[in-house]
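Participant: I have a structure I would like to understand better, so I am pasting it below and will then ask my questions one at a time.
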Amino acid sequence: EQFDVRTVENGKVALDLLPEFIPDLIISDVMMPVLDGIQFCRKVKNTIETSHIPLILLSAKTDIETQISGLETGADDYIEKPFKPNLLLAKINSLLLNRQKLIAQFRNTPADITLTNQLSRRDNDFMQKVNELIKNHLSDSEFSIEILSDKLNMSRATFYRKFSDLTGIKPADYIRRYRLKTAYDLFMNTGKTTQEVCELVGFQSISHFRKSFKDEFGLTPGNIQKA
């Protein structure tokens, strides 16, 4: 009752639905026709557009091999049938809360976030590639979401949706914050001038840079330099 639930009859139909409906969480039976839960989970977790979605497997199979197989495909939890509804609800709420905490960390950390222990391997690799590309094009004021997504071999729309769903941040905001966090570090660790740092982090206007810096950190570049 607490959630907007979409129900389909097997993993194949679910995969066909995913491009138009990206859920916050997936609950899948293991025993299904056409495409079973293990195969379905593997496809979800190996597809970059959906790899971040928490997935719970349900099964009457209680043997250890089946559970291990499910978890090895990337399932976030495995529940044996029969189960009590309040157990399933507790698992759902726990996974959704962990997602919220992860998104909060992305929002609160200005740049270069690599949360290895909280991201799946595929999502961690994705974020590392994003950060590396931003870092390598930091001084390029023309570097954009279009260029970033192209270098990741993703369409702009696919990249935008994936990044926003994973981090809770718009890609343009993330790039801006990455530039500003780098600027902050340069002020703290080098003797570079505001003009030099402004150019190094890809801002065309020094006045815009100063305003953006103060909006982000509550301090002007001059305040940092004096400290």
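Naming works like this for the structure tokens: A, B, ... for the chains as they're shown, residue 1 at the start of each chain, ligands 1 onward in shown order.
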Show which residues sit within 9 Å of range 120-124 of chain A, as a list in words. Count only C-alpha atoms, and ignore same-chain residues fewer than 5 positions away.
Facilitator: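 With the cut-off at 9 Å, the set is Lys45, Asn46, Thr47, Ile48, Ser51, His52, Gly74, Thr114, Leu115, Lys129 and Leu166 of chain A.
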Participant: Would you mind writing down, as a ChimeraX atom specification, each residue of range 62-131 of chain A that DSSP on the backbone assigns to strand (DSSP E or B)?
Facilitator: /A:77-80
Participant: Let's have the selection written as a CSV table (one decimal), in the first residue's frame, with N, CA, C and O atoms.
Facilitator:
```csv
chain,number,residue,atom,x,y,z
A,77,ASP,N,19.5,-8.7,-2.0
A,77,ASP,CA,19.0,-9.6,-0.9
A,77,ASP,C,18.3,-10.8,-1.5
A,77,ASP,O,17.9,-10.8,-2.6
A,78,TYR,N,18.1,-11.8,-0.6
A,78,TYR,CA,17.5,-13.1,-1.1
A,78,TYR,C,16.6,-13.5,0.1
A,78,TYR,O,17.1,-13.6,1.2
A,79,ILE,N,15.3,-13.7,-0.2
A,79,ILE,CA,14.4,-14.1,0.8
A,79,ILE,C,13.7,-15.4,0.5
A,79,ILE,O,13.2,-15.6,-0.7
A,80,GLU,N,13.8,-16.4,1.4
A,80,GLU,CA,13.2,-17.7,1.2
A,80,GLU,C,11.7,-17.6,1.4
A,80,GLU,O,11.2,-17.0,2.3
```
Participant: Return the single residue from A:Leu95, A:Ser69, A:Gly218, A:Ser141 that is closest to Cys198 in chain A, with distances computed using only C-alpha atoms.
Facilitator: A:Ser141
Participant: Env of Ile68 in chain A: 12 Å cut, atoms = only C-alpha atoms, seq-sep filter 5 positions within chain, self excluded. Answer as a list in words.
Facilitator: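 Final neighbour list, sorted by chain and number: Ile38, Leu57, Lys61, Thr62, Asp63, Thr73, Gly74, Ala75, Asp76, Asp77 and Tyr78 of chain A.
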Participant: Measuring atom to atom with only C-alpha atoms, identify which of A:Leu133, A:Ala183, A:Val8, A:Met188 is nearest to Lys214 in chain A.
Facilitator: A:Ala183
Participant: When DSSP is applied to the backbone of this structure, which of range 4-205 of chain A are assigned alpha helix (DSSP H)? Write them out as a PyMOL selection string.
Facilitator: chain A and resi 11-17+37-45+64-72+85-108+121-136+145-151+156-167+171-189+194-200
Participant: Within 10 Å of Asp185 in chain A, counting only C-alpha atoms, which residues qualify if same-chain residues fewer than 4 places away don't, as a PDB file with C-alpha atoms, in the first residue's frame?
Facilitator:
```
ATOM      1  CA  LEU A 180      34.850  24.353  -7.601  1.00  0.00           C
ATOM      2  CA  LYS A 181      36.146  21.656  -5.226  1.00  0.00           C
ATOM      3  CA  ASN A 189      47.702  23.753  -1.555  1.00  0.00           C
ATOM      4  CA  THR A 190      49.297  26.110  -4.068  1.00  0.00           C
ATOM      5  CA  VAL A 197      42.840  28.923 -10.712  1.00  0.00           C
ATOM      6  CA  ILE A 224      40.917  31.145   1.276  1.00  0.00           C
TER       7      ILE A 224
END
```
Participant: Give the answer as one residue: which of A:Leu58, A:Met127, A:Leu96, A:Cys41 has the shortest atom-to-atom distance to Glu72 in chain A, using only C-alpha atoms?
Facilitator: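 Selected residue with least distance to Glu72 in chain A: A:Cys41.
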Participant: Fewer than 2 positions away in the same chain doesn't count, so skip those; otherwise give me all residues within 10 Å of Leu15 in chain A, counting only C-alpha atoms, as a PyMOL selection string.
Facilitator: chain A and resi 8+10-13+17-21+35+40-41+43-44+50
Participant: With N, CA and C atoms kept, could you save the residues just selected as a tab-separated table (two decimals), in the first residue's frame?
Facilitator:
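Dumped everything to selection00.tsv:
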```tsv
chain	number	residue	atom	x	y	z
A	8	VAL	N	4.50	-7.68	-13.42
A	8	VAL	CA	4.56	-8.36	-14.72
A	8	VAL	C	4.78	-9.85	-14.48
A	10	ASN	N	6.86	-12.19	-16.02
A	10	ASN	CA	8.17	-12.85	-16.07
A	10	ASN	C	9.27	-11.83	-16.34
A	11	GLY	N	10.52	-12.30	-16.27
A	11	GLY	CA	11.67	-11.41	-16.43
A	11	GLY	C	11.77	-10.77	-17.80
A	12	LYS	N	11.33	-11.48	-18.82
A	12	LYS	CA	11.39	-10.93	-20.19
A	12	LYS	C	10.49	-9.70	-20.32
A	13	VAL	N	9.27	-9.80	-19.81
A	13	VAL	CA	8.34	-8.66	-19.85
A	13	VAL	C	8.89	-7.51	-19.01
A	17	LEU	N	9.86	-3.60	-20.07
A	17	LEU	CA	9.25	-2.45	-19.40
A	17	LEU	C	10.27	-1.45	-18.87
A	18	LEU	N	11.44	-1.94	-18.50
A	18	LEU	CA	12.43	-1.09	-17.81
A	18	LEU	C	12.84	0.18	-18.55
A	19	PRO	N	13.00	0.17	-19.87
A	19	PRO	CA	13.39	1.42	-20.53
A	19	PRO	C	12.41	2.58	-20.33
A	20	GLU	N	11.15	2.26	-20.10
A	20	GLU	CA	10.15	3.33	-19.93
A	20	GLU	C	9.78	3.56	-18.47
A	21	PHE	N	10.10	2.60	-17.61
A	21	PHE	CA	9.78	2.73	-16.19
A	21	PHE	C	10.94	2.23	-15.37
A	35	LEU	N	12.12	-16.17	-18.77
A	35	LEU	CA	13.38	-15.67	-18.22
A	35	LEU	C	13.28	-15.72	-16.70
A	40	PHE	N	17.28	-12.83	-15.07
A	40	PHE	CA	16.76	-11.46	-15.06
A	40	PHE	C	17.65	-10.55	-14.22
A	41	CYS	N	18.02	-11.00	-13.03
A	41	CYS	CA	18.88	-10.22	-12.15
A	41	CYS	C	20.22	-9.94	-12.82
A	43	LYS	N	20.90	-9.68	-15.97
A	43	LYS	CA	20.74	-8.69	-17.04
A	43	LYS	C	20.56	-7.29	-16.46
A	44	VAL	N	19.77	-7.20	-15.39
A	44	VAL	CA	19.56	-5.89	-14.75
A	44	VAL	C	20.87	-5.33	-14.22
A	50	THR	N	20.47	0.25	-15.53
A	50	THR	CA	19.67	-0.29	-14.43
A	50	THR	C	20.49	-0.90	-13.31
```
Participant: Could you pull the residues within 12 Å of Glu146 in chain A, counting only C-alpha atoms, minus those fewer than 6 positions along the same chain, as a list in words?
Facilitator: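 Near Glu146 in chain A, the qualifying residues are Leu152, Asn153, Met154, Ser155, Arg156, Ala157, Thr158, Phe159, Tyr160, Pro171 and Ala172 of chain A.
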